[in-house]
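Trainee: Got a structure for you, questions after.
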Amino acid sequence: MILSKQTIYQSIVLGLTVILLSGCASVFSGKTQEMSFMTEPDDVTISIDGRTIGKTPLTTYITRKNNQILTFEKEGFKPVKMDLATSTNGWFFANILGGIFIGPFFSTTDASTGAIYEYSPSQYYITLKESENPLLGKIEGAPEVRVFIIHNYDNLTENIRQGDGEYLSTLFTLLQVTDEQQEETAKTLKSMIQMYPESPVFANEVVRYYLD
């Protein structure tokens, strides 16, 4: 079957119209891009501009867009935030070469859909660092131990009476109490609370007994 010149011309016009409406980069590379994320450790929550996209290891398609923040979070580890890096999609330059009249229309369409952007790199490997004990902080030595006890006295004494808890565990760490010594130390601290109910006095006695 031989197509007439008019039919061929109409087909060309239709094809150009489709590309014109979609944008050159949008047609050839799409509005989304495959991205891969791996972390150490695994099971890290990934979010883009506050929107969760999954947990590592993860391979997914992400809508092309510029100026976004990528965040990696896991309980017990310091969060990592960074720019989701982009570069100009190579197909965008085809728009410029498309001609004085057609090219600008392509460029405008690609910019509005985000297809002008390309994520680079498309693969991320991130190592998270364990977060510091928020109760321990930078406490070192007897004066700082006193501050810890006085500042957290109510919660600490409640833990001591119960025989367990994060404040008591932190005090064990500060006093360098081993696992084998914890039960006996908890009993001693419980007796000291009864003998020295005021927080400054209790703090001084604990430091004197265990650190001096």
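Here, A, B, ... name the chains of the structure tokens in the order displayed, residue numbers run from 1 inside each chain, and ligands are numbered from 1 in the same displayed order.
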Which residues are close to Thr157 (chain A), i.e. within 9 Å by only C-alpha atoms, leaving aside same-chain residues fewer than 6 positions away? Reply as a PDB file with C-alpha atoms, in the first residue's frame.
Mentor:
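Once written, selection-v6.pdb looks like this:
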```pdb
ATOM      1  CA  TYR A 167      18.247   6.498  83.811  1.00  0.00           C
ATOM      2  CA  LEU A 168      19.546   3.761  86.091  1.00  0.00           C
ATOM      3  CA  LEU A 189      21.606   2.889  95.639  1.00  0.00           C
ATOM      4  CA  LYS A 190      18.140   2.069  96.946  1.00  0.00           C
ATOM      5  CA  ILE A 193      18.093   7.049  98.652  1.00  0.00           C
TER       6      ILE A 193
END
```
Trainee: Name the closest residue to Val201 (chain A) among the candidates A:Tyr153, A:Phe77, A:Phe37, A:Phe172; distances are taken between atoms, counting only C-alpha atoms.
Mentor: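 Residue with the minimum atom-to-atom distance to Val201 (chain A): A:Tyr153.
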Trainee: Looking at A:Thr127, A:Gln181, A:Asn67, A:Asn204, which one is nearest to Pro143 (chain A), with distances taken over only C-alpha atoms?
Mentor: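 Using only C-alpha atoms, Pro143 (chain A) sits closest to A:Asn204.
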Trainee: Just the residues within 12 Å of region 51-57 of chain A, please, counting only C-alpha atoms, with nothing from its chain fewer than 4 positions along; format it as a ChimeraX atom specification.
Mentor: /A:35-47,61-63,68-74,123-127
Trainee: Would you list the contacts of Gln182 (chain A) as a list of chain:residue names, taking every protein, DNA or RNA residue within 9 Å and counting only C-alpha atoms, but skipping same-chain residues closer than 5 positions in sequence?
Mentor: A:Ser169, A:Phe172, A:Val177, A:Lys187
Trainee: When you draw a straight line from CA of Leu211 (chain A) to CA of Thr170 (chain A), how long is it in Å?
Mentor: 15.2 Å
Trainee: Restricting the calculation to only C-alpha atoms, which member of A:Ala85, A:Ala186, A:Leu175, A:Ala203 is positioned closest to Tyr117 (chain A)?
Mentor: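 Checking each candidate against Tyr117 (chain A), we get A:Ala85 as the closest.
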Trainee: How would you write, as a PDB file with N, CA and C atoms, in the first residue's frame, the set of residues in region 36-100 of chain A that DSSP gives as alpha helix (DSSP H)?
Mentor:
```pdb
ATOM      1  N   PHE A  92      16.987  17.117  27.080  1.00  0.00           N
ATOM      2  CA  PHE A  92      16.560  18.513  27.073  1.00  0.00           C
ATOM      3  C   PHE A  92      17.282  19.305  25.993  1.00  0.00           C
ATOM      4  N   PHE A  93      18.552  18.925  25.720  1.00  0.00           N
ATOM      5  CA  PHE A  93      19.306  19.651  24.708  1.00  0.00           C
ATOM      6  C   PHE A  93      18.769  19.387  23.301  1.00  0.00           C
ATOM      7  N   ALA A  94      18.043  18.257  23.160  1.00  0.00           N
ATOM      8  CA  ALA A  94      17.401  18.000  21.874  1.00  0.00           C
ATOM      9  C   ALA A  94      16.307  19.025  21.618  1.00  0.00           C
ATOM     10  N   ASN A  95      15.737  19.524  22.718  1.00  0.00           N
ATOM     11  CA  ASN A  95      14.718  20.570  22.579  1.00  0.00           C
ATOM     12  C   ASN A  95      15.324  21.831  21.961  1.00  0.00           C
ATOM     13  N   ILE A  96      16.524  22.151  22.433  1.00  0.00           N
ATOM     14  CA  ILE A  96      17.190  23.357  21.950  1.00  0.00           C
ATOM     15  C   ILE A  96      17.506  23.225  20.470  1.00  0.00           C
TER      16      ILE A  96
END
```
Trainee: Could you tell me which of A:Leu128, A:Val206, A:Leu58, A:Met195 comes closest to Ile149 (chain A) if we count only C-alpha atoms?
Mentor: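 Nearest candidate to Ile149 (chain A) out of A:Leu128, A:Val206, A:Leu58, A:Met195: A:Val206.
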Trainee: Using only C-alpha atoms, which residue out of A:Glu205, A:Glu158, A:Glu118, A:Asp49 lies closest to Thr86 (chain A)?
Mentor: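 Going through A:Glu205, A:Glu158, A:Glu118, A:Asp49 one by one, the smallest distance to Thr86 (chain A) is for A:Glu118.
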